[in-house]
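K.L.:
What follows is data-v7.cif; its format and atoms are mmCIF, N, CA and C atoms.
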data_protein
#
loop_
_atom_site.label_atom_id
_atom_site.label_comp_id
_atom_site.auth_asym_id
_atom_site.auth_seq_id
_atom_site.Cartn_x
_atom_site.Cartn_y
_atom_site.Cartn_z
N MET E 26 -27.26 23.61 38.17
CA MET E 26 -27.68 22.37 37.55
C MET E 26 -27.64 22.48 36.03
N MET E 27 -28.06 23.63 35.51
CA MET E 27 -28.08 23.83 34.06
C MET E 27 -26.68 23.79 33.48
N TRP E 28 -25.69 24.34 34.18
CA TRP E 28 -24.31 24.36 33.66
C TRP E 28 -23.75 22.95 33.56
N LYS E 29 -24.20 22.03 34.46
CA LYS E 29 -23.76 20.64 34.39
C LYS E 29 -24.28 19.98 33.11
N LEU E 30 -25.52 20.27 32.76
CA LEU E 30 -26.11 19.73 31.55
C LEU E 30 -25.40 20.26 30.31
N VAL E 31 -25.11 21.56 30.30
CA VAL E 31 -24.40 22.17 29.18
C VAL E 31 -23.00 21.56 29.06
N LEU E 32 -22.32 21.39 30.18
CA LEU E 32 -20.99 20.79 30.17
C LEU E 32 -21.03 19.35 29.65
N LEU E 33 -22.04 18.60 30.05
CA LEU E 33 -22.20 17.22 29.60
C LEU E 33 -22.43 17.17 28.08
N VAL E 34 -23.28 18.04 27.57
CA VAL E 34 -23.57 18.08 26.13
C VAL E 34 -22.32 18.49 25.35
N LEU E 35 -21.60 19.50 25.81
CA LEU E 35 -20.38 19.94 25.13
C LEU E 35 -19.32 18.85 25.13
N THR E 36 -19.19 18.15 26.24
CA THR E 36 -18.22 17.05 26.32
C THR E 36 -18.57 15.95 25.32
N ALA E 37 -19.84 15.62 25.23
CA ALA E 37 -20.28 14.58 24.28
C ALA E 37 -20.02 15.02 22.85
N LEU E 38 -20.35 16.28 22.52
CA LEU E 38 -20.11 16.79 21.17
C LEU E 38 -18.63 16.81 20.83
N PHE E 39 -17.81 17.23 21.78
CA PHE E 39 -16.36 17.28 21.55
C PHE E 39 -15.81 15.88 21.31
N SER E 40 -16.27 14.92 22.08
CA SER E 40 -15.78 13.54 21.92
C SER E 40 -16.12 12.99 20.55
N VAL E 41 -17.33 13.22 20.08
CA VAL E 41 -17.73 12.76 18.76
C VAL E 41 -16.94 13.50 17.69
N GLY E 42 -16.77 14.80 17.84
CA GLY E 42 -16.03 15.61 16.87
C GLY E 42 -14.59 15.19 16.76
N VAL E 43 -13.94 14.88 17.85
CA VAL E 43 -12.55 14.45 17.83
C VAL E 43 -12.43 13.11 17.13
N GLY E 44 -13.33 12.18 17.41
CA GLY E 44 -13.27 10.86 16.78
C GLY E 44 -13.48 10.92 15.28
N VAL E 45 -14.34 11.83 14.82
CA VAL E 45 -14.64 11.92 13.40
C VAL E 45 -13.61 12.76 12.67
N GLY E 46 -13.17 13.86 13.26
CA GLY E 46 -12.34 14.81 12.55
C GLY E 46 -10.87 14.49 12.46
N VAL E 47 -10.34 13.76 13.38
CA VAL E 47 -8.90 13.57 13.44
C VAL E 47 -8.43 12.38 12.62
N GLY E 48 -9.25 11.44 12.35
CA GLY E 48 -8.82 10.24 11.62
C GLY E 48 -9.21 9.01 12.40
N VAL E 49 -8.88 7.89 11.86
CA VAL E 49 -9.33 6.64 12.44
C VAL E 49 -8.49 6.23 13.63
N GLY E 50 -7.16 6.32 13.51
CA GLY E 50 -6.29 5.99 14.63
C GLY E 50 -5.93 4.52 14.70
N VAL E 51 -5.53 4.09 15.89
CA VAL E 51 -5.05 2.73 16.09
C VAL E 51 -6.14 1.72 15.77
N GLY E 52 -5.80 0.73 14.94
CA GLY E 52 -6.73 -0.33 14.59
C GLY E 52 -7.57 -0.05 13.36
N GLY E 53 -7.77 1.22 13.03
CA GLY E 53 -8.57 1.56 11.85
C GLY E 53 -7.69 1.77 10.63
N LEU E 54 -8.30 1.81 9.48
CA LEU E 54 -7.57 2.03 8.23
C LEU E 54 -7.47 3.52 7.93
N ASP E 55 -6.27 3.96 7.61
CA ASP E 55 -6.03 5.35 7.21
C ASP E 55 -5.56 5.35 5.77
N GLU E 56 -6.17 6.20 4.93
CA GLU E 56 -5.72 6.32 3.55
C GLU E 56 -4.35 6.96 3.49
N ILE E 57 -3.57 6.55 2.50
CA ILE E 57 -2.22 7.08 2.30
C ILE E 57 -2.15 7.71 0.92
N ASP E 58 -1.54 8.88 0.84
CA ASP E 58 -1.20 9.46 -0.46
C ASP E 58 0.17 8.90 -0.83
N ILE E 59 0.19 7.92 -1.70
CA ILE E 59 1.42 7.19 -2.02
C ILE E 59 2.49 8.12 -2.60
N LYS E 60 2.07 9.22 -3.22
CA LYS E 60 3.02 10.15 -3.82
C LYS E 60 3.74 10.99 -2.76
N LYS E 61 3.17 11.05 -1.58
CA LYS E 61 3.74 11.88 -0.52
C LYS E 61 4.30 11.06 0.65
N ASN E 62 4.24 9.75 0.56
CA ASN E 62 4.66 8.90 1.67
C ASN E 62 5.76 7.95 1.18
N ASP E 63 7.01 8.37 1.37
CA ASP E 63 8.15 7.59 0.88
C ASP E 63 8.22 6.20 1.52
N GLU E 64 7.88 6.11 2.79
CA GLU E 64 7.93 4.82 3.48
C GLU E 64 6.95 3.84 2.84
N ALA E 65 5.72 4.28 2.62
CA ALA E 65 4.72 3.42 1.99
C ALA E 65 5.15 3.05 0.57
N LEU E 66 5.73 3.99 -0.15
CA LEU E 66 6.20 3.71 -1.51
C LEU E 66 7.29 2.65 -1.50
N ASP E 67 8.18 2.71 -0.52
CA ASP E 67 9.23 1.68 -0.39
C ASP E 67 8.63 0.30 -0.12
N PHE E 68 7.59 0.25 0.72
CA PHE E 68 6.95 -1.04 1.00
C PHE E 68 6.20 -1.56 -0.22
N LEU E 69 5.61 -0.66 -1.00
CA LEU E 69 4.97 -1.09 -2.25
C LEU E 69 6.01 -1.66 -3.21
N LYS E 70 7.15 -1.00 -3.31
CA LYS E 70 8.24 -1.50 -4.17
C LYS E 70 8.68 -2.89 -3.71
N SER E 71 8.78 -3.09 -2.40
CA SER E 71 9.15 -4.41 -1.87
C SER E 71 8.11 -5.46 -2.24
N ALA E 72 6.84 -5.09 -2.16
CA ALA E 72 5.77 -6.02 -2.51
C ALA E 72 5.83 -6.37 -4.00
N VAL E 73 6.13 -5.39 -4.83
CA VAL E 73 6.24 -5.64 -6.27
C VAL E 73 7.44 -6.55 -6.56
N GLU E 74 8.54 -6.33 -5.87
CA GLU E 74 9.71 -7.21 -6.02
C GLU E 74 9.36 -8.65 -5.66
N GLU E 75 8.68 -8.81 -4.54
CA GLU E 75 8.26 -10.14 -4.10
C GLU E 75 7.33 -10.76 -5.14
N HIS E 76 6.41 -9.96 -5.65
CA HIS E 76 5.48 -10.43 -6.68
C HIS E 76 6.24 -10.92 -7.92
N ASN E 77 7.22 -10.14 -8.36
CA ASN E 77 8.01 -10.53 -9.53
C ASN E 77 8.81 -11.80 -9.29
N GLN E 78 9.31 -11.98 -8.08
CA GLN E 78 10.06 -13.19 -7.75
C GLN E 78 9.16 -14.43 -7.79
N GLN E 79 7.92 -14.27 -7.36
CA GLN E 79 7.00 -15.40 -7.30
C GLN E 79 6.30 -15.67 -8.64
N SER E 80 6.32 -14.70 -9.52
CA SER E 80 5.64 -14.82 -10.80
C SER E 80 6.44 -15.67 -11.78
N ASN E 81 5.74 -16.45 -12.59
CA ASN E 81 6.38 -17.25 -13.63
C ASN E 81 6.51 -16.49 -14.95
N ASP E 82 6.01 -15.26 -14.98
CA ASP E 82 6.10 -14.46 -16.21
C ASP E 82 7.56 -14.18 -16.53
N MET E 83 7.91 -14.20 -17.80
CA MET E 83 9.30 -13.95 -18.19
C MET E 83 9.64 -12.46 -18.19
N TYR E 84 8.62 -11.60 -18.07
CA TYR E 84 8.83 -10.15 -18.03
C TYR E 84 8.60 -9.62 -16.62
N TYR E 85 9.33 -8.56 -16.29
CA TYR E 85 9.05 -7.85 -15.04
C TYR E 85 7.71 -7.14 -15.18
N THR E 86 7.00 -7.06 -14.08
CA THR E 86 5.79 -6.25 -14.04
C THR E 86 6.01 -5.11 -13.07
N MET E 87 5.22 -4.07 -13.24
CA MET E 87 5.30 -2.93 -12.32
C MET E 87 3.93 -2.28 -12.22
N PRO E 88 3.73 -1.48 -11.17
CA PRO E 88 2.43 -0.83 -11.02
C PRO E 88 2.17 0.15 -12.16
N GLN E 89 1.01 0.01 -12.75
CA GLN E 89 0.56 0.95 -13.77
C GLN E 89 -0.26 2.05 -13.10
N GLU E 90 -0.97 1.65 -12.03
CA GLU E 90 -1.79 2.60 -11.29
C GLU E 90 -1.98 2.08 -9.86
N VAL E 91 -1.86 2.98 -8.89
CA VAL E 91 -2.18 2.64 -7.50
C VAL E 91 -3.63 3.08 -7.29
N ILE E 92 -4.50 2.11 -7.14
CA ILE E 92 -5.92 2.39 -6.98
C ILE E 92 -6.22 2.86 -5.56
N LYS E 93 -5.62 2.18 -4.59
CA LYS E 93 -5.84 2.53 -3.18
C LYS E 93 -4.62 2.14 -2.37
N ALA E 94 -4.28 2.98 -1.40
CA ALA E 94 -3.20 2.69 -0.46
C ALA E 94 -3.70 3.07 0.94
N GLU E 95 -3.58 2.13 1.88
CA GLU E 95 -4.03 2.36 3.25
C GLU E 95 -3.04 1.74 4.22
N LYS E 96 -3.09 2.22 5.45
CA LYS E 96 -2.29 1.59 6.49
C LYS E 96 -3.13 1.42 7.74
N GLN E 97 -2.72 0.45 8.55
CA GLN E 97 -3.42 0.12 9.79
C GLN E 97 -2.38 -0.18 10.85
N VAL E 98 -2.54 0.45 12.00
CA VAL E 98 -1.61 0.22 13.11
C VAL E 98 -2.20 -0.87 14.00
N VAL E 99 -1.60 -2.08 13.91
CA VAL E 99 -1.99 -3.22 14.75
C VAL E 99 -0.78 -4.11 14.90
N GLU E 100 -0.28 -4.27 16.09
CA GLU E 100 0.90 -5.11 16.33
C GLU E 100 1.92 -4.89 15.21
N GLY E 101 2.32 -3.66 15.06
CA GLY E 101 3.15 -3.24 13.94
C GLY E 101 2.28 -2.39 13.02
N VAL E 102 2.66 -2.32 11.77
CA VAL E 102 1.89 -1.55 10.79
C VAL E 102 1.61 -2.43 9.58
N LYS E 103 0.36 -2.46 9.16
CA LYS E 103 -0.01 -3.18 7.94
C LYS E 103 -0.30 -2.15 6.85
N TYR E 104 0.30 -2.37 5.71
CA TYR E 104 0.04 -1.54 4.54
C TYR E 104 -0.77 -2.36 3.55
N PHE E 105 -1.82 -1.75 3.01
CA PHE E 105 -2.69 -2.41 2.04
C PHE E 105 -2.64 -1.61 0.74
N PHE E 106 -2.32 -2.28 -0.34
CA PHE E 106 -2.24 -1.63 -1.64
C PHE E 106 -3.12 -2.38 -2.64
N THR E 107 -3.93 -1.64 -3.36
CA THR E 107 -4.67 -2.19 -4.49
C THR E 107 -4.09 -1.52 -5.73
N VAL E 108 -3.56 -2.35 -6.63
CA VAL E 108 -2.73 -1.83 -7.71
C VAL E 108 -3.09 -2.50 -9.03
N THR E 109 -3.06 -1.73 -10.11
CA THR E 109 -3.12 -2.32 -11.44
C THR E 109 -1.68 -2.57 -11.87
N MET E 110 -1.36 -3.83 -12.08
CA MET E 110 -0.02 -4.23 -12.51
C MET E 110 -0.02 -4.43 -14.02
N ALA E 111 1.16 -4.26 -14.63
CA ALA E 111 1.28 -4.48 -16.07
C ALA E 111 2.70 -4.92 -16.40
N ARG E 112 2.82 -5.63 -17.50
CA ARG E 112 4.12 -6.10 -17.98
C ARG E 112 4.96 -4.93 -18.47
N THR E 113 6.26 -5.04 -18.21
CA THR E 113 7.21 -4.08 -18.78
C THR E 113 7.84 -4.70 -20.02
N GLN E 114 8.75 -3.95 -20.62
CA GLN E 114 9.47 -4.45 -21.79
C GLN E 114 10.74 -5.19 -21.38
N CYS E 115 10.98 -5.34 -20.09
CA CYS E 115 12.22 -5.95 -19.59
C CYS E 115 12.03 -7.42 -19.24
N LEU E 116 12.87 -8.24 -19.82
CA LEU E 116 12.90 -9.65 -19.47
C LEU E 116 13.58 -9.82 -18.11
N LYS E 117 13.12 -10.78 -17.35
CA LYS E 117 13.71 -11.02 -16.03
C LYS E 117 15.17 -11.45 -16.12
N VAL E 118 15.55 -12.05 -17.23
CA VAL E 118 16.95 -12.50 -17.37
C VAL E 118 17.90 -11.33 -17.59
N ASP E 119 17.37 -10.15 -17.92
CA ASP E 119 18.21 -8.98 -18.16
C ASP E 119 18.00 -7.97 -17.02
N ALA E 120 18.60 -8.26 -15.88
CA ALA E 120 18.40 -7.43 -14.69
C ALA E 120 19.01 -6.04 -14.82
N ASN E 121 19.98 -5.85 -15.71
CA ASN E 121 20.64 -4.55 -15.84
C ASN E 121 19.66 -3.45 -16.23
N ASP E 122 18.75 -3.73 -17.16
CA ASP E 122 17.77 -2.73 -17.56
C ASP E 122 16.91 -2.32 -16.37
N LYS E 123 16.52 -3.29 -15.57
CA LYS E 123 15.70 -3.00 -14.39
C LYS E 123 16.49 -2.17 -13.39
N GLU E 124 17.73 -2.55 -13.16
CA GLU E 124 18.58 -1.83 -12.21
C GLU E 124 18.80 -0.38 -12.65
N ASN E 125 18.87 -0.16 -13.95
CA ASN E 125 19.13 1.18 -14.48
C ASN E 125 17.85 1.99 -14.70
N GLY E 126 16.72 1.45 -14.29
CA GLY E 126 15.46 2.17 -14.41
C GLY E 126 14.94 2.27 -15.84
N LEU E 127 15.34 1.35 -16.70
CA LEU E 127 14.95 1.40 -18.10
C LEU E 127 13.67 0.64 -18.41
N CYS E 128 13.11 -0.02 -17.43
CA CYS E 128 11.89 -0.79 -17.66
C CYS E 128 10.68 0.12 -17.62
N VAL E 129 9.90 0.08 -18.67
CA VAL E 129 8.65 0.84 -18.71
C VAL E 129 7.54 -0.11 -19.11
N VAL E 130 6.33 0.23 -18.70
CA VAL E 130 5.17 -0.59 -19.03
C VAL E 130 4.90 -0.49 -20.52
N HIS E 131 4.55 -1.62 -21.13
CA HIS E 131 4.17 -1.62 -22.55
C HIS E 131 3.02 -0.64 -22.76
N THR E 132 3.06 0.10 -23.86
CA THR E 132 1.96 1.01 -24.18
C THR E 132 0.79 0.27 -24.83
N ASP E 133 1.07 -0.86 -25.46
CA ASP E 133 0.04 -1.68 -26.07
C ASP E 133 -0.60 -2.56 -24.99
N PRO E 134 -1.90 -2.38 -24.72
CA PRO E 134 -2.56 -3.17 -23.67
C PRO E 134 -2.46 -4.67 -23.88
N ASP E 135 -2.39 -5.12 -25.15
CA ASP E 135 -2.26 -6.56 -25.40
C ASP E 135 -0.91 -7.08 -24.92
N GLU E 136 0.11 -6.24 -24.99
CA GLU E 136 1.44 -6.61 -24.50
C GLU E 136 1.55 -6.40 -22.99
N ALA E 137 0.93 -5.32 -22.50
CA ALA E 137 1.02 -4.99 -21.07
C ALA E 137 0.24 -5.99 -20.21
N LYS E 138 -0.85 -6.50 -20.75
CA LYS E 138 -1.70 -7.46 -20.04
C LYS E 138 -1.99 -7.01 -18.60
N PRO E 139 -2.63 -5.83 -18.43
CA PRO E 139 -2.88 -5.32 -17.08
C PRO E 139 -3.79 -6.24 -16.26
N TYR E 140 -3.52 -6.28 -14.98
CA TYR E 140 -4.31 -7.07 -14.04
C TYR E 140 -4.22 -6.41 -12.68
N GLN E 141 -5.19 -6.70 -11.83
CA GLN E 141 -5.25 -6.06 -10.52
C GLN E 141 -4.72 -6.98 -9.43
N CYS E 142 -3.95 -6.40 -8.52
CA CYS E 142 -3.42 -7.13 -7.37
C CYS E 142 -3.73 -6.36 -6.09
N SER E 143 -3.88 -7.11 -5.02
CA SER E 143 -3.94 -6.54 -3.67
C SER E 143 -2.73 -7.06 -2.92
N PHE E 144 -1.92 -6.15 -2.43
CA PHE E 144 -0.74 -6.51 -1.66
C PHE E 144 -0.94 -6.06 -0.22
N THR E 145 -0.50 -6.90 0.71
CA THR E 145 -0.46 -6.51 2.12
C THR E 145 0.98 -6.68 2.59
N VAL E 146 1.50 -5.64 3.21
CA VAL E 146 2.84 -5.69 3.80
C VAL E 146 2.66 -5.43 5.28
N TRP E 147 2.99 -6.42 6.09
CA TRP E 147 2.86 -6.31 7.54
C TRP E 147 4.25 -6.12 8.11
N VAL E 148 4.49 -4.93 8.63
CA VAL E 148 5.81 -4.56 9.14
C VAL E 148 5.83 -4.75 10.65
N ARG E 149 6.69 -5.67 11.09
CA ARG E 149 6.89 -5.92 12.52
C ARG E 149 8.40 -6.07 12.71
N SER E 150 9.04 -4.96 13.01
CA SER E 150 10.51 -4.91 13.04
C SER E 150 11.14 -5.83 14.08
N TRP E 151 10.40 -6.22 15.09
CA TRP E 151 10.96 -7.07 16.15
C TRP E 151 10.94 -8.56 15.78
N THR E 152 10.34 -8.92 14.65
CA THR E 152 10.32 -10.33 14.25
C THR E 152 11.56 -10.66 13.44
N SER E 153 11.80 -11.94 13.21
CA SER E 153 13.01 -12.36 12.49
C SER E 153 13.02 -11.87 11.04
N THR E 154 11.86 -11.82 10.40
CA THR E 154 11.81 -11.38 9.00
C THR E 154 11.60 -9.88 8.87
N GLY E 155 11.03 -9.26 9.87
CA GLY E 155 10.79 -7.82 9.82
C GLY E 155 9.51 -7.44 9.11
N LYS E 156 9.16 -8.16 8.05
CA LYS E 156 7.92 -7.88 7.34
C LYS E 156 7.43 -9.13 6.62
N GLU E 157 6.12 -9.18 6.46
CA GLU E 157 5.48 -10.30 5.77
C GLU E 157 4.68 -9.75 4.60
N PHE E 158 4.70 -10.49 3.49
CA PHE E 158 3.98 -10.09 2.30
C PHE E 158 2.87 -11.10 2.00
N THR E 159 1.72 -10.59 1.60
CA THR E 159 0.68 -11.44 1.02
C THR E 159 0.17 -10.74 -0.23
N GLN E 160 -0.29 -11.53 -1.16
CA GLN E 160 -0.80 -10.95 -2.40
C GLN E 160 -1.97 -11.77 -2.93
N THR E 161 -2.87 -11.08 -3.59
CA THR E 161 -3.97 -11.70 -4.30
C THR E 161 -4.08 -11.00 -5.64
N CYS E 162 -3.94 -11.77 -6.71
CA CYS E 162 -4.01 -11.18 -8.05
C CYS E 162 -5.03 -11.93 -8.89
#
Using structure tokens, write down the structure from this file.

P.N.:
Amino acid sequence: MMWKLVLLVLTALFSVGVGVGVGVGVGGLDEIDIKKNDEALDFLKSAVEEHNQQSNDMYYTMPQEVIKAEKQVVEGVKYFFTVTMARTQCLKVDANDKENGLCVVHTDPDEAKPYQCSFTVWVRSWTSTGKEFTQTC
């Protein structure tokens, strides 16, 4: 009888330990190291491109700092990015500089005009668009 109680306690402890130690899993948010996750970095770049297309600013903007990056597995994968955006020195009418990687964020904060955005990229490869973007800035 005592061994059944010990087995029950060990099973309960193991279940709690696995849930806490391994990560959140399906449906929960998992933090991403954006510097080590090329896929997430590509989705952030896509979100920034979409942001620049929708923006009326005459300059391209780019991330100055990634504050937080997370992903969630739910009917596809949702990526959540909280980013400080800032103006670059590149005008949108001069796409060559952007294509050649010559756009850098202004060093003068008055010119850079930093602001915070939250981007969500919902990747569902089986849909017609493949991914959906939302942003709040």

K.L.:
With the file shown as input, list the residues that the PyMOL selection byres ((chain E and resi 126-133) around 6.5) selects, as an MDAnalysis selection string.

P.N.:
chainID E and resid 111:115 121:125 134:138

K.L.:
Padding of 4 Å on every side, edges along x, y and z, all listed atoms of region 95-114 of chain E included: what centre and edge lengths in Å, to one decimal, does that box have, as JSON?

P.N.:
{"center_x": 3.0, "center_y": -1.9, "center_z": -2.7, "size_x": 23.4, "size_y": 16.5, "size_z": 46.1}

K.L.:
Within 8 Å of region 94-98 of chain E, counting only N, CA and C atoms, which residues qualify if same-chain residues fewer than 2 places away don't, as a ChimeraX atom specification?

P.N.:
/E:50-59,91-92,100-108

K.L.:
If you measure from atom N of Ser80 (chain E) to CA of Val99 (chain E), what distance in Å do you get, rounded to one decimal?

P.N.:
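Separating atom N of Ser80 (chain E) from CA of Val99 (chain E) is a distance of 28.1 Å.
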
K.L.:
Write down as JSON, numbers by chain the residues of region 98-137 of chain E whose backbone DSSP state falls under alpha helix (DSSP H).

P.N.:
{"E": [120, 121, 122, 123, 124, 134, 135, 136, 137]}

K.L.:
Between CA of Ala72 (chain E) and atom N of Ser150 (chain E), what is the distance in Å, rounded to a tenth?

P.N.:
15.9 Å

K.L.:
Could you give me the residues within region 76-149 of chain E that DSSP places in strand (DSSP E), as JSON, numbers by chain?

P.N.:
{"E": [84, 85, 86, 87, 88, 89, 90, 91, 92, 93, 94, 95, 96, 97, 98, 102, 103, 104, 105, 106, 107, 108, 109, 110, 111, 112, 113, 114, 115, 116, 140, 141, 142, 143, 144, 145, 146, 147, 148]}

K.L.:
Translate the PyMOL selection byres (((chain E and resi 161 and name CA) around 10) and name CA) into a concrete residue list for this structure, as a PDB file with N, CA and C atoms, in the coordinates of the input.

P.N.:
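So the final result, stored in expr.pdb, reads:
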ATOM      1  N   HIS E  76       6.410  -9.960  -5.650  1.00  0.00           N
ATOM      2  CA  HIS E  76       5.480 -10.430  -6.680  1.00  0.00           C
ATOM      3  C   HIS E  76       6.240 -10.920  -7.920  1.00  0.00           C
ATOM      4  N   THR E 107      -3.930  -1.640  -3.360  1.00  0.00           N
ATOM      5  CA  THR E 107      -4.670  -2.190  -4.490  1.00  0.00           C
ATOM      6  C   THR E 107      -4.090  -1.520  -5.730  1.00  0.00           C
ATOM      7  N   GLN E 141      -5.190  -6.700 -11.830  1.00  0.00           N
ATOM      8  CA  GLN E 141      -5.250  -6.060 -10.520  1.00  0.00           C
ATOM      9  C   GLN E 141      -4.720  -6.980  -9.430  1.00  0.00           C
ATOM     10  N   CYS E 142      -3.950  -6.400  -8.520  1.00  0.00           N
ATOM     11  CA  CYS E 142      -3.420  -7.130  -7.370  1.00  0.00           C
ATOM     12  C   CYS E 142      -3.730  -6.360  -6.090  1.00  0.00           C
ATOM     13  N   SER E 143      -3.880  -7.110  -5.020  1.00  0.00           N
ATOM     14  CA  SER E 143      -3.940  -6.540  -3.670  1.00  0.00           C
ATOM     15  C   SER E 143      -2.730  -7.060  -2.920  1.00  0.00           C
ATOM     16  N   PHE E 144      -1.920  -6.150  -2.430  1.00  0.00           N
ATOM     17  CA  PHE E 144      -0.740  -6.510  -1.660  1.00  0.00           C
ATOM     18  C   PHE E 144      -0.940  -6.060  -0.220  1.00  0.00           C
ATOM     19  N   THR E 145      -0.500  -6.900   0.710  1.00  0.00           N
ATOM     20  CA  THR E 145      -0.460  -6.510   2.120  1.00  0.00           C
ATOM     21  C   THR E 145       0.980  -6.680   2.590  1.00  0.00           C
ATOM     22  N   THR E 159       1.720 -10.590   1.600  1.00  0.00           N
ATOM     23  CA  THR E 159       0.680 -11.440   1.020  1.00  0.00           C
ATOM     24  C   THR E 159       0.170 -10.740  -0.230  1.00  0.00           C
ATOM     25  N   GLN E 160      -0.290 -11.530  -1.160  1.00  0.00           N
ATOM     26  CA  GLN E 160      -0.800 -10.950  -2.400  1.00  0.00           C
ATOM     27  C   GLN E 160      -1.970 -11.770  -2.930  1.00  0.00           C
ATOM     28  N   CYS E 162      -3.940 -11.770  -6.710  1.00  0.00           N
ATOM     29  CA  CYS E 162      -4.010 -11.180  -8.050  1.00  0.00           C
ATOM     30  C   CYS E 162      -5.030 -11.930  -8.890  1.00  0.00           C
TER      31      CYS E 162
END

K.L.:
Would you compute the distance between atom C of Pro139 (chain E) and atom C of Met110 (chain E)? Give it in Å to one decimal.

P.N.:
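Atom-to-atom, atom C of Pro139 (chain E) to atom C of Met110 (chain E), that is 4.7 Å.
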
K.L.:
Looking at E:Trp147, E:Tyr140, E:Phe158, E:Phe68, which one is nearest to Thr109 (chain E), with distances taken over only C-alpha atoms?

P.N.:
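Checking each of E:Trp147, E:Tyr140, E:Phe158, E:Phe68 against Thr109 (chain E), counting only C-alpha atoms, the winner is E:Tyr140.
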
K.L.:
Is it possible to get the residues within 6 Å of (3.2, 0.0, -5.2) (coordinates as in the file, counting only C-alpha atoms) written as a ChimeraX atom specification?

P.N.:
/E:69-70,88

K.L.:
Select, from E:Val146, E:Leu116, E:Thr152, E:Lys61, the residue with the minimum atom-to-atom distance to Val73 (chain E), counting only C-alpha atoms.

P.N.:
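Of E:Val146, E:Leu116, E:Thr152, E:Lys61, the one nearest Val73 (chain E), counting only C-alpha atoms, is E:Val146.
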